[in-house]
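Data file: target_6.tsv. Format and content: TSV, C-alpha atoms.
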chain	number	residue	atom	x	y	z
A	1	MET	CA	20.31	17.21	7.25
A	2	GLY	CA	21.45	13.82	6.04
A	3	ASP	CA	18.07	12.33	6.90
A	4	VAL	CA	16.28	15.10	5.02
A	5	LYS	CA	18.54	14.59	1.98
A	6	GLN	CA	17.80	10.87	1.98
A	7	ARG	CA	14.08	11.60	2.11
A	8	ILE	CA	14.36	13.94	-0.87
A	9	ILE	CA	16.23	11.26	-2.83
A	10	GLY	CA	13.56	8.77	-1.89
A	11	ILE	CA	10.84	11.02	-3.28
A	12	GLY	CA	12.65	10.78	-6.62
A	13	VAL	CA	11.83	7.07	-6.69
A	14	LEU	CA	8.14	7.92	-6.45
A	15	ILE	CA	8.06	10.73	-9.04
A	16	PRO	CA	7.46	8.44	-12.08
A	17	LEU	CA	4.59	6.76	-10.24
A	18	ILE	CA	3.11	10.11	-9.23
A	19	GLY	CA	3.44	11.26	-12.84
A	20	GLY	CA	1.54	8.19	-14.01
A	21	VAL	CA	-1.28	8.88	-11.56
A	22	ALA	CA	-1.43	12.53	-12.65
A	23	TYR	CA	-1.61	11.57	-16.33
A	24	GLY	CA	-4.61	9.32	-15.84
A	25	GLY	CA	-5.83	6.53	-18.10
A	26	PHE	CA	-3.49	3.58	-18.63
A	27	PRO	CA	-0.48	5.27	-16.93
A	28	LEU	CA	-2.67	5.71	-13.85
A	29	LEU	CA	-3.65	2.05	-13.86
A	30	LEU	CA	-0.05	0.95	-14.46
A	31	SER	CA	1.21	3.11	-11.58
A	32	ILE	CA	-1.44	1.70	-9.27
A	33	VAL	CA	-0.56	-1.88	-10.23
A	34	ILE	CA	3.17	-1.23	-9.66
A	35	ILE	CA	2.50	0.31	-6.24
A	36	GLN	CA	0.24	-2.60	-5.34
A	37	ALA	CA	2.90	-5.09	-6.43
A	38	PHE	CA	5.51	-3.57	-4.09
A	39	LEU	CA	3.01	-3.30	-1.25
A	40	ILE	CA	1.90	-6.92	-1.64
A	41	TYR	CA	5.51	-8.09	-1.77
A	42	GLU	CA	6.41	-6.20	1.41
A	43	VAL	CA	3.36	-7.30	3.38
A	44	SER	CA	3.81	-10.93	2.43
A	45	THR	CA	7.54	-11.01	3.22
A	46	LEU	CA	6.85	-9.19	6.48
A	47	PHE	CA	4.91	-12.19	7.76
A	48	SER	CA	6.53	-15.02	5.79
A	49	GLU	CA	9.30	-15.76	8.32
A	50	GLY	CA	11.69	-16.45	5.48
A	51	ARG	CA	9.58	-19.09	3.77
A	52	LYS	CA	10.45	-19.37	0.10
A	53	GLY	CA	7.48	-19.02	-2.20
A	54	PHE	CA	5.21	-17.67	0.54
A	55	TRP	CA	5.12	-14.14	-0.83
A	56	LEU	CA	4.47	-15.45	-4.34
A	57	LEU	CA	1.35	-17.22	-3.13
A	58	PHE	CA	0.21	-14.02	-1.45
A	59	CYS	CA	0.84	-12.03	-4.64
A	60	LEU	CA	-1.16	-14.46	-6.78
A	61	ILE	CA	-4.14	-14.44	-4.43
A	62	SER	CA	-4.09	-10.69	-3.92
A	63	PHE	CA	-3.68	-9.85	-7.59
A	64	ALA	CA	-6.58	-12.16	-8.44
A	65	SER	CA	-8.69	-9.95	-6.22
A	66	VAL	CA	-7.26	-6.66	-7.53
A	67	VAL	CA	-7.61	-7.60	-11.21
A	68	GLY	CA	-11.12	-8.83	-10.56
A	69	TYR	CA	-12.14	-5.52	-9.08
A	70	ILE	CA	-10.63	-3.52	-11.91
A	71	GLY	CA	-12.31	-5.81	-14.42
A	72	GLY	CA	-15.68	-5.49	-12.72
A	73	SER	CA	-15.99	-9.04	-11.37
A	74	ASP	CA	-18.14	-9.84	-8.36
A	75	GLN	CA	-16.54	-7.94	-5.51
A	76	SER	CA	-17.92	-9.82	-2.53
A	77	MET	CA	-16.86	-13.26	-3.78
A	78	LEU	CA	-13.34	-12.14	-4.65
A	79	SER	CA	-12.69	-10.26	-1.43
A	80	VAL	CA	-14.00	-13.06	0.78
A	81	ALA	CA	-12.07	-15.73	-1.14
A	82	ALA	CA	-8.83	-13.74	-0.99
A	83	ALA	CA	-9.18	-12.91	2.69
A	84	LEU	CA	-10.00	-16.50	3.67
A	85	ALA	CA	-7.21	-17.99	1.57
A	86	ILE	CA	-4.53	-15.66	2.88
A	87	GLY	CA	-5.86	-15.91	6.43
A	88	ALA	CA	-5.75	-19.71	6.25
A	89	VAL	CA	-2.11	-19.64	5.13
A	90	TYR	CA	-1.19	-17.21	7.88
A	91	LEU	CA	-2.77	-19.38	10.54
A	92	VAL	CA	0.10	-21.85	10.24
A	93	THR	CA	2.65	-19.18	11.15
A	94	LYS	CA	3.65	-17.90	14.56
A	95	ARG	CA	2.47	-14.46	13.52
A	96	ALA	CA	-1.07	-15.56	12.75
A	97	LEU	CA	-3.01	-12.95	14.71
A	98	TYR	CA	-1.09	-9.90	13.52
A	99	ALA	CA	-0.86	-11.26	9.99
A	100	THR	CA	-4.57	-12.05	9.66
A	101	LEU	CA	-5.75	-8.72	11.09
A	102	PHE	CA	-3.27	-6.70	9.05
A	103	THR	CA	-4.14	-8.65	5.91
A	104	PHE	CA	-7.81	-7.82	6.38
A	105	VAL	CA	-7.03	-4.09	6.66
A	106	PHE	CA	-4.54	-4.26	3.80
A	107	LEU	CA	-6.90	-6.08	1.43
A	108	LEU	CA	-9.71	-3.66	2.26
A	109	ALA	CA	-7.40	-0.78	1.29
A	110	LEU	CA	-6.40	-2.50	-1.96
A	111	ILE	CA	-10.01	-3.20	-2.84
A	112	SER	CA	-10.96	0.40	-2.09
A	113	LEU	CA	-8.07	1.61	-4.24
A	114	SER	CA	-9.22	-0.54	-7.15
A	115	ASN	CA	-12.79	0.69	-6.78
A	116	LEU	CA	-11.72	4.34	-6.73
A	117	THR	CA	-9.54	3.76	-9.80
A	118	ASN	CA	-12.72	3.19	-11.82
A	119	LEU	CA	-14.02	6.71	-11.09
A	120	SER	CA	-13.89	9.20	-13.96
A	121	ASN	CA	-12.09	11.70	-11.71
A	122	ALA	CA	-9.73	9.12	-10.17
A	123	ALA	CA	-6.51	10.96	-11.11
A	124	PRO	CA	-7.30	14.34	-9.48
A	125	LEU	CA	-8.91	12.60	-6.50
A	126	PHE	CA	-5.82	10.45	-5.84
A	127	LEU	CA	-3.51	13.45	-6.24
A	128	ALA	CA	-5.63	15.52	-3.86
A	129	ILE	CA	-5.64	12.79	-1.21
A	130	ALA	CA	-1.89	12.25	-1.66
A	131	PHE	CA	-1.28	15.99	-1.35
A	132	VAL	CA	-3.20	16.24	1.92
A	133	ILE	CA	-1.51	13.14	3.39
A	134	ALA	CA	1.94	14.33	2.30
A	135	ALA	CA	1.29	17.76	3.83
A	136	GLY	CA	0.33	16.07	7.08
A	137	ASP	CA	3.49	13.96	7.04
A	138	ILE	CA	5.65	17.02	6.42
A	139	GLY	CA	3.89	19.02	9.12
A	140	ALA	CA	4.20	16.20	11.65
A	141	TYR	CA	7.88	15.66	10.85
A	142	PHE	CA	9.08	19.26	11.04
A	143	VAL	CA	6.78	20.48	13.84
A	144	GLY	CA	7.59	17.39	15.89
A	145	ARG	CA	11.34	17.90	15.44
A	146	ARG	CA	11.11	21.63	16.10
A	147	ILE	CA	8.84	21.64	19.16
A	148	GLY	CA	9.16	18.11	20.52
A	149	GLY	CA	7.37	17.56	23.80
A	150	PRO	CA	5.29	14.63	25.09
A	151	LYS	CA	5.22	11.47	23.00
A	152	LEU	CA	2.04	10.54	21.16
A	153	ALA	CA	2.33	6.78	21.60
A	154	PRO	CA	5.76	5.91	23.03
A	155	ALA	CA	5.03	2.18	23.27
A	156	ILE	CA	4.19	2.04	19.56
A	157	SER	CA	6.26	4.74	17.88
A	158	PRO	CA	8.73	6.52	20.19
A	159	GLY	CA	9.58	9.16	17.62
A	160	LYS	CA	6.08	10.61	17.27
A	161	THR	CA	5.03	13.52	19.45
A	162	ILE	CA	1.71	15.17	20.26
A	163	SER	CA	3.01	18.44	18.81
A	164	GLY	CA	3.86	16.60	15.59
A	165	ALA	CA	0.39	15.09	15.40
A	166	ILE	CA	-1.19	18.53	15.84
A	167	GLY	CA	1.18	20.01	13.28
A	168	GLY	CA	0.25	17.27	10.83
A	169	LEU	CA	-3.45	17.97	11.39
A	170	VAL	CA	-3.00	21.70	10.76
A	171	PHE	CA	-0.94	21.12	7.61
A	172	SER	CA	-3.47	18.60	6.28
A	173	VAL	CA	-6.38	20.98	6.80
A	174	PHE	CA	-4.48	23.79	5.08
A	175	ALA	CA	-3.67	21.48	2.16
A	176	ALA	CA	-7.32	20.40	1.97
A	177	PHE	CA	-8.34	24.04	1.48
A	178	LEU	CA	-6.01	24.17	-1.54
A	179	VAL	CA	-7.47	21.07	-3.21
A	180	ALA	CA	-11.02	21.21	-1.85
A	181	PRO	CA	-12.79	20.90	-5.26
A	182	TYR	CA	-11.24	17.45	-5.77
A	183	LEU	CA	-11.97	16.00	-2.33
A	184	LEU	CA	-15.42	14.71	-3.11
A	185	GLY	CA	-17.38	12.73	-0.57
A	186	PHE	CA	-17.20	15.28	2.24
A	187	HIS	CA	-19.15	17.92	0.34
A	188	THR	CA	-15.81	19.58	-0.42
A	189	ASN	CA	-15.65	20.86	3.15
A	190	PRO	CA	-11.88	21.29	3.53
A	191	LEU	CA	-11.99	21.43	7.31
A	192	VAL	CA	-13.80	18.10	7.53
A	193	ALA	CA	-11.86	16.47	4.70
A	194	GLY	CA	-8.47	17.61	5.98
A	195	SER	CA	-9.23	16.56	9.54
A	196	VAL	CA	-10.56	13.14	8.53
A	197	ILE	CA	-7.60	12.43	6.25
A	198	ALA	CA	-5.13	13.61	8.89
A	199	ILE	CA	-6.63	11.50	11.68
A	200	LEU	CA	-7.06	8.39	9.52
A	201	GLY	CA	-3.63	8.86	7.95
A	202	GLN	CA	-1.89	9.10	11.30
A	203	SER	CA	-3.93	6.13	12.56
A	204	GLY	CA	-2.73	4.02	9.63
A	205	ASP	CA	0.84	5.05	10.34
A	206	LEU	CA	0.51	4.11	14.01
A	207	TYR	CA	-1.15	0.81	13.16
A	208	GLU	CA	1.69	-0.21	10.86
A	209	SER	CA	4.21	0.89	13.51
A	210	PHE	CA	2.38	-1.23	16.07
A	211	VAL	CA	2.56	-4.33	13.84
A	212	LYS	CA	6.22	-3.78	12.97
A	213	ARG	CA	7.12	-3.34	16.63
A	214	ARG	CA	5.40	-6.62	17.49
A	215	LEU	CA	7.36	-8.30	14.71
A	216	ALA	CA	10.62	-6.56	15.73
A	217	VAL	CA	10.96	-5.01	12.27
A	218	LYS	CA	12.15	-1.43	11.68
A	219	ASP	CA	11.09	-0.93	8.04
A	220	SER	CA	8.90	-2.92	5.67
A	221	SER	CA	11.84	-2.87	3.22
A	222	ASN	CA	14.62	-0.55	2.02
A	223	LEU	CA	13.23	0.08	-1.46
A	224	ILE	CA	12.78	3.84	-0.94
A	225	PRO	CA	15.86	5.67	0.47
A	226	GLY	CA	15.05	7.65	3.59
A	227	HIS	CA	11.52	6.28	3.77
A	228	GLY	CA	12.00	2.54	4.25
A	229	GLY	CA	9.60	0.62	2.05
A	230	PHE	CA	6.45	1.32	0.08
A	231	LEU	CA	4.31	0.22	3.01
A	232	ASP	CA	6.13	2.71	5.25
A	233	ARG	CA	5.36	5.43	2.72
A	234	PHE	CA	1.75	4.44	2.02
A	235	ASP	CA	0.60	3.28	5.47
A	236	GLY	CA	-1.32	6.52	5.81
A	237	TYR	CA	-3.70	5.30	3.11
A	238	LEU	CA	-4.74	2.12	4.92
A	239	PHE	CA	-7.80	3.72	6.53
A	240	VAL	CA	-8.22	6.74	4.24
A	241	LEU	CA	-8.96	4.77	1.06
A	242	PRO	CA	-11.78	2.62	2.51
A	243	VAL	CA	-13.51	5.72	3.91
A	244	PHE	CA	-13.37	7.51	0.57
A	245	SER	CA	-14.48	4.38	-1.27
A	246	PHE	CA	-17.44	3.93	1.07
A	247	THR	CA	-18.35	7.62	0.78
A	248	LEU	CA	-18.08	7.92	-3.00
A	249	LEU	CA	-19.35	4.52	-4.21

Let me see whether you can do it: turn the structure in this file into structure tokens.
Amino acid sequence: MGDVKQRIIGIGVLIPLIGGVAYGGFPLLLSIVIIQAFLIYEVSTLFSEGRKGFWLLFCLISFASVVGYIGGSDQSMLSVAAALAIGAVYLVTKRALYATLFTFVFLLALISLSNLTNLSNAAPLFLAIAFVIAAGDIGAYFVGRRIGGPKLAPAISPGKTISGAIGGLVFSVFAAFLVAPYLLGFHTNPLVAGSVIAILGQSGDLYESFVKRRLAVKDSSNLIPGHGGFLDRFDGYLFVLPVFSFTLL
């Protein structure tokens, strides 16, 4: 129960940001920027190997891209410049391969997030996606703990089970039925939307777990009690956001 209590406390950290997203307008943009700031900080420190100033360079480059997208600047030029610059810096580290690949995925998610923020229905869309992903996380956690059974990917994430993955899929589909009108891009088909979000969300979670295991890191940070860091909480969006961005824009 202690773990569950910590998770509940951790959700309290996210409530103001969720409220900002729900309100829309400037609070939505501010919440997105704050989330991006924490994510960028965690990703950069994850690969920095303790180098002072490394994460600051990453933040400056990444925010140049994010602000450019929100402001309507040329997307291709900004994304390519940011990816090449960060990739070049990472190449001098011992973690070059994992850092460069993860940075590409991470930047693509940030760019997709910025693009979706410009939609007139961004607030309900983000809340609907978050609701479906959260339902999947809850389903995977409780079903996995209750039923247990064979591991899903023991070499990557020993705690995840096949029963948990199935439970997460079922919960996500059920949640998608509840918010179907807001899940545009899949013709509001809740079965398709819920399944796609569940599979991509769990894939993002496994991908982050794979990278952290290779780096011998347990959590991206300890900023959110019971959840680790922001990246640990939002890894499910790594592949979901690009798919929605590609579908809607």

Practice item. For stretch 27-40 of chain A, work out the shell of residues within 9 Å, counting all atoms listed in the file and skipping chain neighbours fewer than 2 positions away, then give it as a PyMOL selection string. Key: chain A and resi 16-25+42-45+55+58-59+62-63+66+106+110+113-114+117+122-123+223+229-231+234

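Reported to one decimal place, the separation of atom CA of A:Glu208 from atom CA of A:Asp235 is 6.5 Å.
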
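Going from atom CA of A:Ile138 to atom CA of A:Lys212 covers 21.8 Å.
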
Exercise for review: Counting only C-alpha atoms, note down every residue that has an atom within 10 Å of the point (-12.4, 18.5, 7.1) (file coordinates), as an MDAnalysis selection string.
Suggested key: chainID A and resid 169 172:174 176:177 180 183 186:198

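Considering only C-alpha atoms, the residue among A:Leu215, A:Ile166, A:Tyr182, A:Ala140 positioned nearest to A:Phe244 is A:Tyr182.
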
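Nearest to A:Asp205 of all the residues A:Ala99, A:Ile147, A:Leu238, A:Val217 is A:Leu238, counting only C-alpha atoms.
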
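For the atom pair formed by atom CA of A:Ser163 and atom CA of A:Gly136, the distance is 12.3 Å, given to one decimal.
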
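Using all atoms listed in the file, the shortest contact distance between A:Val243 and any of A:Leu200, A:Val132, A:Ala216, A:Ile156 is found at A:Leu200.
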
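Ranking A:Thr247, A:Ala134, A:Phe126, A:Tyr207 by their shortest atom-to-atom distance to A:Tyr98, with all atoms listed in the file included, puts A:Tyr207 first.
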